[in-house]
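What follows is one structure encoded as structure tokens, with my remarks underneath.
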Amino acid sequence: MKYDAAMYPKCTVSPADVNRVKGLGFLRDKTTADRFNARVITRNGKITADEMYAIADAARQFGTGEVAFTTRQTAEVQGIPFENIQLFCIFLEKHGLQVGGTGPRVRPVVSCKGTTCVFGLIDTYSLSQKIHELYYVGYHAVKLPHKFKIAVGGCPNNCVKPDLNDVGVVGAWKPLLNAELCAGCGACVTACPLHVATLKDGQFANTKDCNKCGRCVRACKLGGLEYQPGYRLSLGGRWGKLAARGQFLQHLFESEEEVLAAVEKAILLFRDKGLAGERFADTVGRLGMEEVERLILSNELLERKAEILEKTL
């Protein structure tokens, strides 16, 4: 079938206004002459019942009454006429909600269920909320070479695809042997989904291929396995036309503070070293993972933070 632009209504909103409101989080619906879809930010993929009512009311009052949920965990209120955009924003602000999530900047954070899931190792909602406040809100005026996406997963099941985001955080439990209590029963070996846990000299042993999912720890009923809680960090993932899988740093981060600092360093690294129009995956590939890991694990980028943020892109 041949594409024909005449099959869609001619846009009655000026190109300048279309671009302006896109920067605010309103994307034009090309099947209409003057309507837009608004991306309501959920902060960490979770909203309250009152906020849900507010979004529904806004959809009825200012749009078509329909709400779509995007892959980035935003609520997209559909069919808002151009003249209703300002009233829509005022209404949302009264309920503590905002529109956004477009442009060459840090995008809304996505999160899995975390500790509410049987496999969850970390409180993903809490961490995602902090990343949202520090780097989606806090860095909102900071222009980057391209979009920058962050995902937080509670375990190596990777339900929110952390390694297909520019930065992915994954909860981890590093198993630690308590030799005095390990009875060599093999429950840990049976529980390991990767089949990398073994018994050596009658006690638990592991390999470098362990993904720190914690299944072996939970399977041990005698206390023979303890664990070091932590976070793994993936850098340079990308989904889309040219997909790239992120690479995990070797370092296991042991605190939220350490993770939050590493995420900020990744943003600063992209702004400092990224080329205009380049995704972070390309920046990482160009610099090499060894150099990227060195910069993330040092304080060099934070020490140059003011200089990096003042750069003109």
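Ligands are numbered from 1 in the order shown, residues from 1 within each chain, and chains are lettered A, B, ... in the order they appear in the structure tokens.
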Just asking: which residues within stretch 10-210 of chain A are alpha helix (DSSP H) according to DSSP, as a PyMOL selection string?
chain A and resi 15-24+49-62+85-94+124-131+187-191
Looking only at strand (DSSP E or B) from DSSP on the backbone, list the matching residues of stretch 151-205 of chain A as number ranges by chain.
A: 151-153, 167-177, 198-200, 203-205
Closest of A:Gly285, A:Ala276, A:Gln247, A:Glu264 to A:Glu300 - atom-to-atom distances counting only C-alpha atoms:
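Checking each of A:Gly285, A:Ala276, A:Gln247, A:Glu264 against A:Glu300, counting only C-alpha atoms, the winner is A:Glu264.
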Counting only C-alpha atoms, what is within 10 Å of A:Ala172, bar same-chain residues fewer than 2 positions away, as a ChimeraX atom specification?
/A:120-122,153-156,169-170,174-175,211-214,227-232,252-254
Skip A:Gly246 itself and residues of its chain fewer than 5 positions away, then list as a count of residues only all residues within 9 Å of it, counting only C-alpha atoms.
13
The distance between atom CA of A:Thr31 and atom CA of A:Met52 is 26.4 Å
Residue neighbourhood stretch 6-11 of chain A, 7 Å, only C-alpha atoms, exclusion window fewer than 4 positions, as an MDAnalysis selection string:
chainID A and resid 30:34
Who sits within 10 Å of A:Leu222, only C-alpha atoms, same chain under 5 positions skipped, as a list in words:
Asn178, Leu181, Cys182, Ala183 and Cys185 of chain A
Selected residues, C-alpha atoms, written as a PDB file, in the first residue's frame, please.
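Below you can see selection.pdb, which holds the result:
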```pdb
ATOM      1  CA  ASN A 178      29.567 -20.260  56.466  1.00  0.00           C
ATOM      2  CA  LEU A 181      27.093 -24.570  59.308  1.00  0.00           C
ATOM      3  CA  CYS A 182      27.260 -25.950  55.755  1.00  0.00           C
ATOM      4  CA  ALA A 183      26.253 -29.625  55.858  1.00  0.00           C
ATOM      5  CA  CYS A 185      23.278 -31.296  51.576  1.00  0.00           C
TER       6      CYS A 185
END
```
d(atom CA of A:His95, atom CA of A:Ile47) in Å
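According to the coordinates, atom CA of A:His95 and atom CA of A:Ile47 are separated by 11.6 Å.
Taking only C-alpha atoms into account, A:Ala38 lies nearest to A:Val77 out of the set A:Val118, A:Val77, A:Ile90, A:Val18.
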Find the residues of stretch 248-267 of chain A that sit at most 10 Å from stretch 123-138 of chain A; for each, write down the nearest two atoms and how far apart they are in Å, to one decimal. Count only C-alpha atoms. Sort by chain, then by number going up, and give it as JSON lines.
```
{"residue": "A:Glu256", "atom": "CA", "partner": "A:Leu127", "partner_atom": "CA", "distance": 7.4}
{"residue": "A:Glu257", "atom": "CA", "partner": "A:Leu127", "partner_atom": "CA", "distance": 9.9}
{"residue": "A:Val259", "atom": "CA", "partner": "A:Leu127", "partner_atom": "CA", "distance": 9.3}
{"residue": "A:Leu260", "atom": "CA", "partner": "A:Ile131", "partner_atom": "CA", "distance": 7.0}
{"residue": "A:Val263", "atom": "CA", "partner": "A:Ile131", "partner_atom": "CA", "distance": 8.2}
{"residue": "A:Glu264", "atom": "CA", "partner": "A:Tyr135", "partner_atom": "CA", "distance": 7.4}
{"residue": "A:Ile267", "atom": "CA", "partner": "A:Tyr135", "partner_atom": "CA", "distance": 8.6}
```
Could you turn the residues from that selection into a file that holds N, CA and C atoms, as a PDB file, in the first residue's frame?
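For reference, again18.pdb as written:
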```
ATOM      1  N   GLU A 256      23.119   2.022  48.560  1.00  0.00           N
ATOM      2  CA  GLU A 256      22.343   2.894  47.682  1.00  0.00           C
ATOM      3  C   GLU A 256      23.128   4.146  47.330  1.00  0.00           C
ATOM      4  N   GLU A 257      23.837   4.691  48.311  1.00  0.00           N
ATOM      5  CA  GLU A 257      24.603   5.917  48.092  1.00  0.00           C
ATOM      6  C   GLU A 257      25.654   5.717  46.994  1.00  0.00           C
ATOM      7  N   VAL A 259      25.470   3.508  44.579  1.00  0.00           N
ATOM      8  CA  VAL A 259      24.760   3.349  43.310  1.00  0.00           C
ATOM      9  C   VAL A 259      24.314   4.701  42.765  1.00  0.00           C
ATOM     10  N   LEU A 260      23.737   5.529  43.627  1.00  0.00           N
ATOM     11  CA  LEU A 260      23.269   6.847  43.192  1.00  0.00           C
ATOM     12  C   LEU A 260      24.417   7.685  42.648  1.00  0.00           C
ATOM     13  N   VAL A 263      25.289   6.369  39.152  1.00  0.00           N
ATOM     14  CA  VAL A 263      24.329   6.807  38.131  1.00  0.00           C
ATOM     15  C   VAL A 263      24.625   8.248  37.722  1.00  0.00           C
ATOM     16  N   GLU A 264      24.906   9.096  38.692  1.00  0.00           N
ATOM     17  CA  GLU A 264      25.238  10.490  38.365  1.00  0.00           C
ATOM     18  C   GLU A 264      26.515  10.565  37.537  1.00  0.00           C
ATOM     19  N   ILE A 267      25.738   9.826  33.929  1.00  0.00           N
ATOM     20  CA  ILE A 267      25.112  10.967  33.256  1.00  0.00           C
ATOM     21  C   ILE A 267      26.165  12.008  32.901  1.00  0.00           C
TER      22      ILE A 267
END
```
Rank A:Gly288, A:Gly202, A:Gly45, A:Gly100 by their smallest atom-to-atom distance to A:Val160, using only C-alpha atoms, and report the top residue only.
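Nearest to A:Val160: A:Gly45.
Neighbouring residues of A:Val106 at 9 Å or closer, counting only C-alpha atoms and skipping chain neighbours under 5 positions away, are Gly101, Tyr135, Tyr136, Val137, Tyr139, His140, Val142, Lys143, Leu144, His146, Lys147, Phe148, Lys149, Ile150 and Ile267 of chain A.
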Could you save the residues just selected, with N, CA and C atoms, as a PDB file, in the first residue's frame?
```pdb
ATOM      1  N   GLY A 101       8.978  13.631  29.956  1.00  0.00           N
ATOM      2  CA  GLY A 101       9.515  12.387  29.420  1.00  0.00           C
ATOM      3  C   GLY A 101       9.897  12.408  27.959  1.00  0.00           C
ATOM      4  N   TYR A 135      17.784  12.820  39.516  1.00  0.00           N
ATOM      5  CA  TYR A 135      18.305  12.925  38.158  1.00  0.00           C
ATOM      6  C   TYR A 135      17.261  13.168  37.074  1.00  0.00           C
ATOM      7  N   TYR A 136      16.000  12.739  37.277  1.00  0.00           N
ATOM      8  CA  TYR A 136      14.972  13.161  36.320  1.00  0.00           C
ATOM      9  C   TYR A 136      14.553  14.594  36.637  1.00  0.00           C
ATOM     10  N   VAL A 137      14.199  14.850  37.887  1.00  0.00           N
ATOM     11  CA  VAL A 137      13.815  16.209  38.294  1.00  0.00           C
ATOM     12  C   VAL A 137      15.045  17.098  38.415  1.00  0.00           C
ATOM     13  N   TYR A 139      18.044  16.948  37.214  1.00  0.00           N
ATOM     14  CA  TYR A 139      18.838  17.187  35.998  1.00  0.00           C
ATOM     15  C   TYR A 139      17.946  17.551  34.802  1.00  0.00           C
ATOM     16  N   HIS A 140      16.696  17.942  35.069  1.00  0.00           N
ATOM     17  CA  HIS A 140      15.756  18.133  33.964  1.00  0.00           C
ATOM     18  C   HIS A 140      16.197  19.224  32.990  1.00  0.00           C
ATOM     19  N   VAL A 142      19.254  19.859  32.234  1.00  0.00           N
ATOM     20  CA  VAL A 142      20.565  19.509  31.679  1.00  0.00           C
ATOM     21  C   VAL A 142      20.388  18.804  30.336  1.00  0.00           C
ATOM     22  N   LYS A 143      20.872  19.436  29.286  1.00  0.00           N
ATOM     23  CA  LYS A 143      20.788  18.845  27.953  1.00  0.00           C
ATOM     24  C   LYS A 143      21.893  17.816  27.781  1.00  0.00           C
ATOM     25  N   LEU A 144      21.545  16.672  27.174  1.00  0.00           N
ATOM     26  CA  LEU A 144      22.489  15.590  26.921  1.00  0.00           C
ATOM     27  C   LEU A 144      22.625  15.368  25.411  1.00  0.00           C
ATOM     28  N   HIS A 146      21.807  12.859  23.760  1.00  0.00           N
ATOM     29  CA  HIS A 146      20.635  12.119  23.297  1.00  0.00           C
ATOM     30  C   HIS A 146      19.809  11.746  24.529  1.00  0.00           C
ATOM     31  N   LYS A 147      18.717  11.045  24.331  1.00  0.00           N
ATOM     32  CA  LYS A 147      17.918  10.546  25.457  1.00  0.00           C
ATOM     33  C   LYS A 147      18.771   9.637  26.337  1.00  0.00           C
ATOM     34  N   PHE A 148      18.385   9.556  27.625  1.00  0.00           N
ATOM     35  CA  PHE A 148      19.154   8.757  28.579  1.00  0.00           C
ATOM     36  C   PHE A 148      18.173   8.021  29.477  1.00  0.00           C
ATOM     37  N   LYS A 149      18.121   6.687  29.331  1.00  0.00           N
ATOM     38  CA  LYS A 149      17.110   5.884  30.011  1.00  0.00           C
ATOM     39  C   LYS A 149      17.720   5.058  31.141  1.00  0.00           C
ATOM     40  N   ILE A 150      16.969   4.985  32.247  1.00  0.00           N
ATOM     41  CA  ILE A 150      17.428   4.273  33.438  1.00  0.00           C
ATOM     42  C   ILE A 150      16.352   3.276  33.864  1.00  0.00           C
ATOM     43  N   ILE A 267      25.738   9.826  33.929  1.00  0.00           N
ATOM     44  CA  ILE A 267      25.112  10.967  33.256  1.00  0.00           C
ATOM     45  C   ILE A 267      26.165  12.008  32.901  1.00  0.00           C
TER      46      ILE A 267
END
```
